[in-house]
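Q: Next comes the structure file entry-v2.tsv, holding TSV, C-alpha atoms.
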chain	number	residue	atom	x	y	z
H	17	MET	CA	-7.51	17.55	-28.62
H	18	SER	CA	-5.15	15.30	-30.55
H	19	ILE	CA	-1.47	15.91	-29.88
H	20	LEU	CA	-0.48	16.86	-33.42
H	21	PHE	CA	2.14	19.30	-34.71
H	22	ARG	CA	-0.54	21.52	-36.26
H	23	ASN	CA	-2.49	21.69	-32.98
H	24	ILE	CA	0.36	22.63	-30.65
H	25	GLU	CA	1.66	26.20	-30.42
H	26	ALA	CA	4.57	27.79	-28.60
H	27	GLY	CA	3.41	28.72	-25.11
H	28	TYR	CA	1.49	25.45	-24.57
H	29	LYS	CA	1.82	24.66	-20.86
H	30	PHE	CA	2.08	21.19	-19.32
H	31	GLN	CA	0.55	20.11	-16.04
H	32	PRO	CA	3.16	20.37	-13.24
H	33	VAL	CA	4.75	17.22	-11.83
H	34	VAL	CA	5.27	17.17	-8.06
H	35	GLN	CA	7.79	14.63	-6.78
H	36	SER	CA	8.82	13.80	-3.23
H	37	TYR	CA	12.54	13.27	-2.54
H	38	VAL	CA	12.19	11.62	0.88
H	39	GLN	CA	14.96	9.13	1.71
H	40	SER	CA	12.82	6.10	0.83
H	41	ALA	CA	12.16	7.53	-2.65
H	42	ILE	CA	15.90	8.18	-3.13
H	43	ASP	CA	16.67	4.64	-1.87
H	44	HIS	CA	14.23	3.14	-4.38
H	45	TYR	CA	15.76	5.20	-7.18
H	46	ALA	CA	19.26	4.03	-6.15
H	47	LEU	CA	18.22	0.38	-6.51
H	48	ALA	CA	16.25	0.91	-9.71
H	49	SER	CA	19.06	2.84	-11.42
H	50	LEU	CA	21.89	0.85	-9.77
H	51	ASP	CA	23.53	4.19	-8.89
H	52	MET	CA	24.54	3.33	-5.33
H	53	ASN	CA	26.75	6.35	-4.71
H	54	PRO	CA	26.70	6.81	-0.90
H	55	VAL	CA	26.07	10.53	-1.31
H	56	HIS	CA	22.48	9.44	-1.99
H	57	THR	CA	22.01	6.60	0.46
H	58	ASN	CA	24.48	6.70	3.35
H	59	GLU	CA	23.67	9.52	5.80
H	60	GLU	CA	26.80	9.03	7.93
H	61	TRP	CA	29.15	9.11	4.94
H	62	ALA	CA	27.31	12.07	3.42
H	63	ALA	CA	27.66	13.99	6.69
H	64	ARG	CA	31.42	13.36	6.75
H	65	ALA	CA	32.16	13.82	3.03
H	66	LYS	CA	29.96	16.93	2.45
H	67	VAL	CA	30.25	16.48	-1.30
H	68	PHE	CA	27.94	19.42	-1.94
H	69	GLY	CA	29.00	21.33	1.16
H	70	ILE	CA	26.02	20.05	3.13
H	71	PRO	CA	26.02	17.19	5.68
H	72	GLU	CA	23.04	15.37	4.15
H	73	THR	CA	22.15	12.91	1.44
H	74	VAL	CA	20.84	14.37	-1.81
H	75	GLY	CA	18.71	13.05	-4.62
H	76	HIS	CA	20.34	11.68	-7.76
H	77	GLY	CA	20.81	14.15	-10.61
H	78	MET	CA	19.35	11.44	-12.85
H	79	MET	CA	16.28	11.30	-10.60
H	80	THR	CA	15.84	15.03	-11.16
H	81	MET	CA	16.31	14.47	-14.90
H	82	SER	CA	13.60	11.80	-14.74
H	83	THR	CA	11.24	14.23	-13.00
H	84	LEU	CA	11.98	16.87	-15.66
H	85	ALA	CA	11.28	14.40	-18.49
H	86	SER	CA	8.10	13.17	-16.79
H	87	VAL	CA	6.52	16.61	-17.19
H	88	VAL	CA	6.29	15.86	-20.91
H	89	THR	CA	5.82	12.09	-20.93
H	90	ARG	CA	3.02	12.04	-18.34
H	91	GLU	CA	0.91	14.30	-20.54
H	92	TRP	CA	1.92	13.25	-24.06
H	93	GLY	CA	3.25	9.74	-23.38
H	94	VAL	CA	6.67	8.16	-23.88
H	95	ILE	CA	5.04	7.06	-27.12
H	96	GLY	CA	1.91	9.16	-27.63
H	97	LYS	CA	-1.47	7.73	-28.59
H	98	ASP	CA	-1.34	9.89	-31.73
H	99	GLY	CA	2.12	8.63	-32.61
H	100	GLY	CA	4.40	11.21	-30.97
H	101	SER	CA	7.60	10.17	-29.24
H	102	LEU	CA	10.28	11.60	-27.06
H	103	ARG	CA	13.38	12.58	-29.02
H	104	PHE	CA	15.89	13.83	-26.42
H	105	VAL	CA	16.30	15.30	-22.94
H	106	ASP	CA	19.09	17.81	-22.30
H	107	ALA	CA	19.29	18.69	-18.60
H	108	LYS	CA	21.33	20.94	-16.34
H	109	PHE	CA	21.38	20.74	-12.57
H	110	THR	CA	21.65	23.99	-10.68
H	111	LYS	CA	21.23	23.04	-7.00
H	112	PRO	CA	21.42	19.71	-5.16
H	113	VAL	CA	18.05	18.35	-4.02
H	114	LYS	CA	18.32	17.80	-0.27
H	115	VAL	CA	16.66	14.75	1.23
H	116	GLY	CA	13.07	15.48	2.24
H	117	GLU	CA	12.48	18.06	-0.48
H	118	THR	CA	9.39	18.30	-2.64
H	119	VAL	CA	10.20	19.21	-6.23
H	120	THR	CA	7.74	20.82	-8.61
H	121	ALA	CA	8.52	20.73	-12.34
H	122	THR	CA	6.74	22.68	-15.06
H	123	GLY	CA	7.09	22.82	-18.83
H	124	THR	CA	6.18	25.05	-21.76
H	125	VAL	CA	6.53	24.51	-25.51
H	126	LYS	CA	9.26	26.93	-26.53
H	127	ARG	CA	9.43	26.49	-30.30
H	128	LYS	CA	8.31	24.34	-33.22
H	129	HIS	CA	10.81	22.73	-35.58
H	130	HIS	CA	9.36	22.45	-39.09
H	131	TYR	CA	11.40	19.58	-40.54
H	132	GLY	CA	8.68	18.45	-42.93
H	133	PRO	CA	5.90	15.83	-42.96
H	134	GLY	CA	6.65	13.01	-40.55
H	135	LYS	CA	9.74	14.75	-39.18
H	136	ASN	CA	8.38	17.73	-37.24
H	137	TRP	CA	9.14	18.18	-33.58
H	138	VAL	CA	8.79	20.69	-30.76
H	139	LEU	CA	11.19	21.91	-28.10
H	140	ILE	CA	9.83	22.07	-24.58
H	141	ALA	CA	11.53	24.08	-21.81
H	142	VAL	CA	11.15	22.40	-18.42
H	143	GLU	CA	12.27	23.65	-15.05
H	144	ALA	CA	12.13	22.24	-11.54
H	145	LYS	CA	12.09	24.09	-8.22
H	146	ASP	CA	12.42	22.96	-4.63
H	147	SER	CA	10.09	23.87	-1.79
H	148	ALA	CA	11.96	27.17	-1.24
H	149	GLY	CA	11.26	28.10	-4.85
H	150	ASP	CA	14.92	27.75	-5.86
H	151	LEU	CA	15.68	26.40	-9.31
H	152	ILE	CA	17.20	22.91	-8.97
H	153	GLY	CA	17.28	21.87	-12.61
H	154	LEU	CA	16.16	22.73	-16.09
H	155	ALA	CA	15.89	20.83	-19.32
H	156	GLU	CA	15.12	21.09	-22.96
H	157	VAL	CA	13.01	18.19	-24.16
H	158	GLY	CA	12.61	17.39	-27.84
H	159	TYR	CA	9.40	15.61	-28.82
H	160	ASN	CA	8.46	14.27	-32.26
H	161	LEU	CA	4.87	15.07	-33.21
H	162	PRO	CA	2.77	13.66	-36.04
H	163	ASP	CA	1.64	16.30	-38.54
V	21	MET	CA	31.54	0.62	3.04
V	22	PRO	CA	28.34	-1.27	3.86
V	23	VAL	CA	25.21	-0.20	1.99
V	24	PRO	CA	22.40	0.56	4.49
V	25	SER	CA	20.33	-2.60	4.92
V	26	ARG	CA	17.10	-0.60	4.66
V	27	LEU	CA	17.68	-0.57	0.87
V	28	ASP	CA	17.09	-4.35	0.77
V	29	ARG	CA	13.32	-3.86	0.83
V	30	PHE	CA	13.53	-2.28	-2.63
V	31	ILE	CA	15.24	-5.23	-4.26
V	32	GLU	CA	12.90	-6.43	-7.00
V	33	THR	CA	14.99	-7.60	-9.94
V	34	GLU	CA	17.50	-10.31	-10.68
V	35	LYS	CA	20.14	-7.73	-11.57
V	36	GLN	CA	19.65	-5.89	-8.28
V	37	ARG	CA	20.09	-9.18	-6.38
V	38	HIS	CA	23.51	-9.78	-7.95
V	39	PHE	CA	24.80	-6.25	-8.48
V	40	HIS	CA	27.70	-5.19	-6.25
V	41	ARG	CA	25.96	-2.52	-4.21
V	42	ASP	CA	29.03	-1.27	-2.33
V	43	PHE	CA	30.07	1.67	-4.50
V	44	MET	CA	33.48	1.86	-2.84
V	45	VAL	CA	34.69	-1.64	-3.62
V	46	GLY	CA	37.62	-1.36	-5.99
V	47	TRP	CA	37.59	2.43	-6.12
V	48	GLU	CA	41.39	2.33	-6.30
V	49	ALA	CA	41.07	0.97	-9.86
V	50	TYR	CA	38.45	3.46	-11.09
V	51	GLU	CA	39.57	5.64	-13.96
V	52	THR	CA	40.30	9.16	-12.69
V	53	TRP	CA	40.05	12.57	-14.36
V	54	GLU	CA	43.81	12.86	-14.69
V	55	GLU	CA	44.03	9.40	-16.34
V	56	ALA	CA	41.16	9.77	-18.81
V	57	THR	CA	42.18	10.42	-22.44
V	58	VAL	CA	39.86	12.06	-24.96
V	59	GLY	CA	39.19	9.72	-27.89
V	60	GLN	CA	39.60	6.53	-25.88
V	61	SER	CA	36.79	4.09	-26.56
V	62	GLY	CA	35.72	0.61	-25.57
V	63	PRO	CA	32.85	-1.62	-24.49
V	64	GLY	CA	31.44	-1.65	-20.98
V	65	GLN	CA	32.28	-4.54	-18.68
V	66	ARG	CA	28.93	-6.30	-19.16
V	67	THR	CA	26.03	-6.51	-21.58
V	68	PHE	CA	22.49	-5.82	-20.36
V	69	LYS	CA	19.54	-8.08	-21.23
V	70	ILE	CA	16.35	-6.01	-21.23
V	71	THR	CA	13.67	-7.50	-19.01
V	72	GLU	CA	10.20	-6.40	-18.02
V	73	GLU	CA	11.17	-6.22	-14.34
V	74	ASP	CA	14.07	-3.82	-15.04
V	75	ILE	CA	11.77	-1.42	-16.86
V	76	LEU	CA	8.93	-1.79	-14.36
V	77	ASP	CA	11.13	-1.02	-11.36
V	78	TYR	CA	12.72	2.03	-12.99
V	79	ASN	CA	9.29	3.41	-13.93
V	80	LEU	CA	7.97	2.86	-10.40
V	81	ALA	CA	11.03	4.53	-8.84
V	82	CYS	CA	10.27	7.60	-10.99
V	83	GLY	CA	6.76	7.74	-9.55
V	84	GLU	CA	5.02	6.75	-12.77
V	85	THR	CA	1.42	5.53	-12.57
V	86	ASP	CA	0.45	5.25	-16.26
V	87	PRO	CA	-0.64	1.61	-16.75
V	88	LEU	CA	1.32	1.56	-20.01
V	89	MET	CA	4.42	1.97	-17.81
V	90	VAL	CA	3.56	0.05	-14.63
V	91	ASP	CA	0.92	-2.60	-15.47
V	92	PRO	CA	2.49	-5.37	-17.59
V	93	GLU	CA	-0.86	-7.02	-18.35
V	94	TYR	CA	-2.42	-3.74	-19.50
V	95	ALA	CA	0.67	-2.91	-21.55
V	96	ARG	CA	0.59	-6.30	-23.31
V	97	LYS	CA	-2.89	-5.47	-24.61
V	98	ASN	CA	-2.67	-1.70	-25.13
V	99	SER	CA	0.90	-0.50	-25.59
V	100	PRO	CA	2.09	0.26	-29.15
V	101	THR	CA	4.95	-2.22	-28.60
V	102	GLY	CA	2.92	-4.80	-26.64
V	103	GLU	CA	5.36	-4.22	-23.77
V	104	LEU	CA	5.77	-1.79	-20.91
V	105	LEU	CA	6.94	1.61	-22.17
V	106	GLN	CA	10.19	2.63	-20.53
V	107	HIS	CA	10.88	5.98	-18.95
V	108	PRO	CA	13.31	7.88	-21.24
V	109	ILE	CA	15.97	8.09	-18.52
V	110	PHE	CA	16.01	4.27	-18.09
V	111	VAL	CA	19.40	4.18	-19.85
V	112	THR	CA	20.82	5.17	-16.45
V	113	THR	CA	20.23	1.61	-15.22
V	114	ILE	CA	21.80	0.09	-18.33
V	115	ALA	CA	24.88	2.30	-17.93
V	116	PHE	CA	25.50	1.66	-14.23
V	117	TYR	CA	25.05	-2.09	-14.73
V	118	SER	CA	27.18	-2.27	-17.86
V	119	LEU	CA	30.12	-0.11	-16.84
V	120	GLY	CA	30.76	-2.17	-13.72
V	121	GLU	CA	33.75	-1.81	-11.45
V	122	SER	CA	36.71	-1.91	-13.85
V	123	GLY	CA	37.74	-0.55	-17.23
V	124	ILE	CA	36.80	2.52	-19.23
V	125	GLY	CA	34.11	4.80	-17.84
V	126	THR	CA	34.33	3.59	-14.25
V	127	TRP	CA	34.61	7.24	-13.25
V	128	ILE	CA	30.80	7.30	-13.39
V	129	ARG	CA	31.06	5.61	-9.95
V	130	THR	CA	33.54	8.09	-8.44
V	131	PRO	CA	32.83	9.04	-4.81
V	132	GLY	CA	32.73	12.83	-4.59
V	133	ALA	CA	31.54	13.27	-8.19
V	134	ARG	CA	28.97	15.97	-8.95
V	135	ASN	CA	26.43	15.95	-11.75
V	136	PRO	CA	26.29	19.21	-13.76
V	137	GLN	CA	24.46	18.27	-16.98
V	138	GLN	CA	23.36	15.31	-19.08
V	139	ARG	CA	21.93	14.74	-22.54
V	140	ILE	CA	20.07	11.59	-23.56
V	141	GLU	CA	18.78	10.91	-27.07
V	142	ILE	CA	16.23	8.19	-27.73
V	143	VAL	CA	16.39	6.48	-31.12
V	144	GLU	CA	13.85	3.71	-30.53
V	145	PRO	CA	12.39	1.91	-27.50
V	146	PHE	CA	14.30	-0.95	-25.89
V	147	ARG	CA	12.46	-4.27	-26.27
V	148	TYR	CA	12.32	-7.25	-23.93
V	149	GLY	CA	15.07	-9.77	-24.61
V	150	GLU	CA	17.41	-7.38	-26.41
V	151	ILE	CA	21.05	-7.72	-25.40
V	152	ILE	CA	22.43	-4.20	-25.09
V	153	THR	CA	26.11	-3.45	-25.48
V	154	THR	CA	27.24	-0.10	-24.14
V	155	THR	CA	30.19	1.48	-25.92
V	156	VAL	CA	31.98	4.20	-23.99
V	157	SER	CA	33.99	6.99	-25.63
V	158	THR	CA	35.74	9.68	-23.64
V	159	ALA	CA	34.30	12.70	-25.44
V	160	ASP	CA	35.64	15.74	-23.60
V	161	LYS	CA	37.83	16.70	-20.69
V	162	PHE	CA	38.06	20.32	-19.57
V	163	THR	CA	38.29	22.68	-16.65
V	164	GLN	CA	35.74	25.41	-16.11
V	165	ARG	CA	35.78	27.78	-13.14
V	166	SER	CA	38.69	25.64	-11.86
V	167	LYS	CA	36.52	22.50	-11.80
V	168	PRO	CA	37.56	19.34	-13.69
V	169	TYR	CA	34.83	18.05	-16.04
V	170	LEU	CA	34.75	14.75	-17.91
V	171	GLN	CA	32.24	13.84	-20.57
V	172	MET	CA	31.70	10.41	-22.08
V	173	LEU	CA	29.45	9.40	-24.92
V	174	LEU	CA	27.61	6.14	-24.28
V	175	ASP	CA	26.14	4.34	-27.30
V	176	PHE	CA	23.56	1.66	-26.53
V	177	ARG	CA	23.20	-0.93	-29.31
V	178	ASN	CA	21.27	-4.19	-29.44
V	179	GLU	CA	22.60	-7.58	-30.58
V	180	LYS	CA	21.88	-6.59	-34.21
V	181	ASN	CA	24.05	-3.48	-33.78
V	182	VAL	CA	20.99	-1.21	-33.96
V	183	LEU	CA	21.55	2.07	-32.10
V	184	LYS	CA	18.82	2.44	-29.47
V	185	ALA	CA	19.95	5.48	-27.45
V	186	ARG	CA	22.91	7.78	-26.76
V	187	TRP	CA	23.93	9.47	-23.55
V	188	TRP	CA	26.40	12.34	-23.24
V	189	CYS	CA	27.27	11.86	-19.59
V	190	SER	CA	29.15	14.66	-17.82
V	191	LEU	CA	30.50	14.79	-14.28
V	192	ILE	CA	32.64	17.15	-12.22
V	193	LEU	CA	35.21	14.85	-10.64
V	194	PRO	CA	37.84	14.85	-7.94
V	195	GLU	CA	40.94	15.49	-10.08
V	196	THR	CA	43.48	12.95	-8.83
V	197	ARG	CA	43.42	9.56	-7.17
V	198	ALA	CA	44.46	11.26	-3.93
V	199	ASP	CA	41.41	13.54	-4.24
V	200	VAL	CA	39.18	10.49	-4.83
V	201	ALA	CA	40.76	8.81	-1.78
V	202	ARG	CA	39.71	11.70	0.43
V	203	PHE	CA	36.08	10.97	-0.43
V	204	ALA	CA	36.43	7.17	-0.47
V	205	ASN	CA	37.94	7.23	3.01
V	206	ALA	CA	35.66	9.88	4.48
Can you present the structure in this file as structure tokens?

A:
Amino acid sequence: MSILFRNIEAGYKFQPVVQSYVQSAIDHYALASLDMNPVHTNEEWAARAKVFGIPETVGHGMMTMSTLASVVTREWGVIGKDGGSLRFVDAKFTKPVKVGETVTATGTVKRKHHYGPGKNWVLIAVEAKDSAGDLIGLAEVGYNLPD
Amino acid sequence: MPVPSRLDRFIETEKQRHFHRDFMVGWEAYETWEEATVGQSGPGQRTFKITEEDILDYNLACGETDPLMVDPEYARKNSPTGELLQHPIFVTTIAFYSLGESGIGTWIRTPGARNPQQRIEIVEPFRYGEIITTTVSTADKFTQRSKPYLQMLLDFRNEKNVLKARWWCSLILPETRADVARFANA
């Protein structure tokens, strides 16, 4: 099925994205994003500072935001083969992701925005949970779709 | 504070080789919540030249496997831009590189900061060779449930002044320099 505005309805569900937040994955993200805050990479400092009230490193919020966005882009593309494109990502973080966690993110088309030919887009609600099933983040993703 | 040496094995890009990886160096000069003034605006400390390796490493760190995002040769032949497609949250790298260790917006590096919410808008893809200037504006400053929030708007424009992306970046911060010091010296 082509990913076109007329073919997509509210309720469309995306394939889940499962992402590991082991320390090596967080370390790689720290280098790639240049966010070297020691709360993500330095276990001794994290244990002393307890920024989130826990004596452990945590994943970057922006890493969680990336996982949330990937739910949409892995299925429809950053730029889709039918011409769609990501418009925005609006994310909230509800619980720190402790080192070693596995995060599962899911998404559903929430509504369609009828802006007219060539300007239509859909809003996708995405949420991510940790291995205990607790919500760690949620996002609204806007995605432009060809007619 | 030394950065754990185990991170060295992830160094892949020229920017990573030269970036000051000790987040605590110069923290005494970082802008604090109490100092920030809504409406203040200015350019980041550095510009950011978009390279293939920057995009590739960010995509890999996000766990991407789509060849349009991680295989430069495949992307040259098949991507709509003829280049690797960047993950939409790639602006994070541009911001942390550009804001640097002094000047407006340095509070993004504050030890003890917590990340409550972020909004990123994509206008058009970044292209190899573009020189991106990040303009920082202090957009909002408020307390909510007794926590001090700061929000800045980051505009990312290329050398032709074309807007490529915008990021409303919010953090909950230690309120005063003394509060920051408690985390910096932990």

Q: With distances taken over only C-alpha atoms, which of H:Asp146, H:Glu117, H:Glu25, H:Glu156 is nearest to chain V?

A: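 With only C-alpha atoms as the atom set, the closest residue is H:Glu156.
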
Q: In terms of the shortest atom-to-atom distance over all atoms listed in the file, which of V:Ala56, V:Val182, V:Ala95, V:Ile114 is closest to chain H?

A: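 With all atoms listed in the file as the atom set, the closest residue is V:Ile114.
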
Q: Closest to Lys126 of chain H among H:Leu20, H:Val87, H:Met81, H:Val142, using all atoms listed in the file?

A: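 When distances to Lys126 of chain H are compared using all atoms listed in the file, the smallest one comes from H:Val142.
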
Q: Considering all atoms listed in the file, return as a VMD selection string whatever protein or nucleic-acid residues lie within 8 Å of segment 69-76 of chain H, sequence-local ones (same chain, fewer than 3 positions apart) excluded.

A: chain H and resid 37 42 45 to 46 54 to 59 62 to 66 79 to 80 112 to 115

Q: Please identify every residue of chain V that has at least one atom no more than 7 Å from any atom of chain H, counting all atoms listed in the file, and report them as a PyMOL selection string.

A: chain V and resi 24+27+30-31+36+41+43+77-78+81-82+105+107+109+112-113+116-117+129+131-132+135-142+203+206

Q: Go ahead and dump the residues you just picked, C-alpha atoms, as a compact mmCIF listing (two decimals), in the coordinates of the input.

A:
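Writing the result to again-v7.txt gives the following:
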# COMPACT_ATOMS: atom_id res chain seq x y z
CA PRO V 24 22.40 0.56 4.49
CA LEU V 27 17.68 -0.57 0.87
CA PHE V 30 13.53 -2.28 -2.63
CA ILE V 31 15.24 -5.23 -4.26
CA GLN V 36 19.65 -5.89 -8.28
CA ARG V 41 25.96 -2.52 -4.21
CA PHE V 43 30.07 1.67 -4.50
CA ASP V 77 11.13 -1.02 -11.36
CA TYR V 78 12.72 2.03 -12.99
CA ALA V 81 11.03 4.53 -8.84
CA CYS V 82 10.27 7.60 -10.99
CA LEU V 105 6.94 1.61 -22.17
CA HIS V 107 10.88 5.98 -18.95
CA ILE V 109 15.97 8.09 -18.52
CA THR V 112 20.82 5.17 -16.45
CA THR V 113 20.23 1.61 -15.22
CA PHE V 116 25.50 1.66 -14.23
CA TYR V 117 25.05 -2.09 -14.73
CA ARG V 129 31.06 5.61 -9.95
CA PRO V 131 32.83 9.04 -4.81
CA GLY V 132 32.73 12.83 -4.59
CA ASN V 135 26.43 15.95 -11.75
CA PRO V 136 26.29 19.21 -13.76
CA GLN V 137 24.46 18.27 -16.98
CA GLN V 138 23.36 15.31 -19.08
CA ARG V 139 21.93 14.74 -22.54
CA ILE V 140 20.07 11.59 -23.56
CA GLU V 141 18.78 10.91 -27.07
CA ILE V 142 16.23 8.19 -27.73
CA PHE V 203 36.08 10.97 -0.43
CA ALA V 206 35.66 9.88 4.48

Q: Give me, please, the distance in Å between atom CA of Trp47 of chain V and atom CA of Arg66 of chain V, quoted to one decimal.

A: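 Computed distance, atom CA of Trp47 of chain V to atom CA of Arg66 of chain V, equals 17.9 Å.
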
Q: Quick check, in Å to one decimal: how far apart do atom CA of Lys69 of chain V and atom CA of Glu103 of chain V lie?

A: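 The value is 14.9 Å.
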
Q: Which protein, DNA or RNA residues have an atom at most 10 Å from (36.9, -3.0, -14.0), counting all atoms listed in the file? List them as an mmCIF file with C-alpha atoms, in the frame of the given file.

A:
data_model
loop_
_atom_site.group_PDB
_atom_site.id
_atom_site.type_symbol
_atom_site.label_atom_id
_atom_site.label_comp_id
_atom_site.auth_asym_id
_atom_site.auth_seq_id
_atom_site.Cartn_x
_atom_site.Cartn_y
_atom_site.Cartn_z
ATOM 1 C CA GLY V 46 37.620 -1.360 -5.990
ATOM 2 C CA TRP V 47 37.590 2.430 -6.120
ATOM 3 C CA ALA V 49 41.070 0.970 -9.860
ATOM 4 C CA TYR V 50 38.450 3.460 -11.090
ATOM 5 C CA GLU V 51 39.570 5.640 -13.960
ATOM 6 C CA GLY V 64 31.440 -1.650 -20.980
ATOM 7 C CA GLN V 65 32.280 -4.540 -18.680
ATOM 8 C CA LEU V 119 30.120 -0.110 -16.840
ATOM 9 C CA GLY V 120 30.760 -2.170 -13.720
ATOM 10 C CA GLU V 121 33.750 -1.810 -11.450
ATOM 11 C CA SER V 122 36.710 -1.910 -13.850
ATOM 12 C CA GLY V 123 37.740 -0.550 -17.230
ATOM 13 C CA ILE V 124 36.800 2.520 -19.230
ATOM 14 C CA GLY V 125 34.110 4.800 -17.840
ATOM 15 C CA THR V 126 34.330 3.590 -14.250
#

Q: Separation of atom CA of Phe39 of chain V and atom CA of Ala185 of chain V, in Å?

A: 22.8 Å
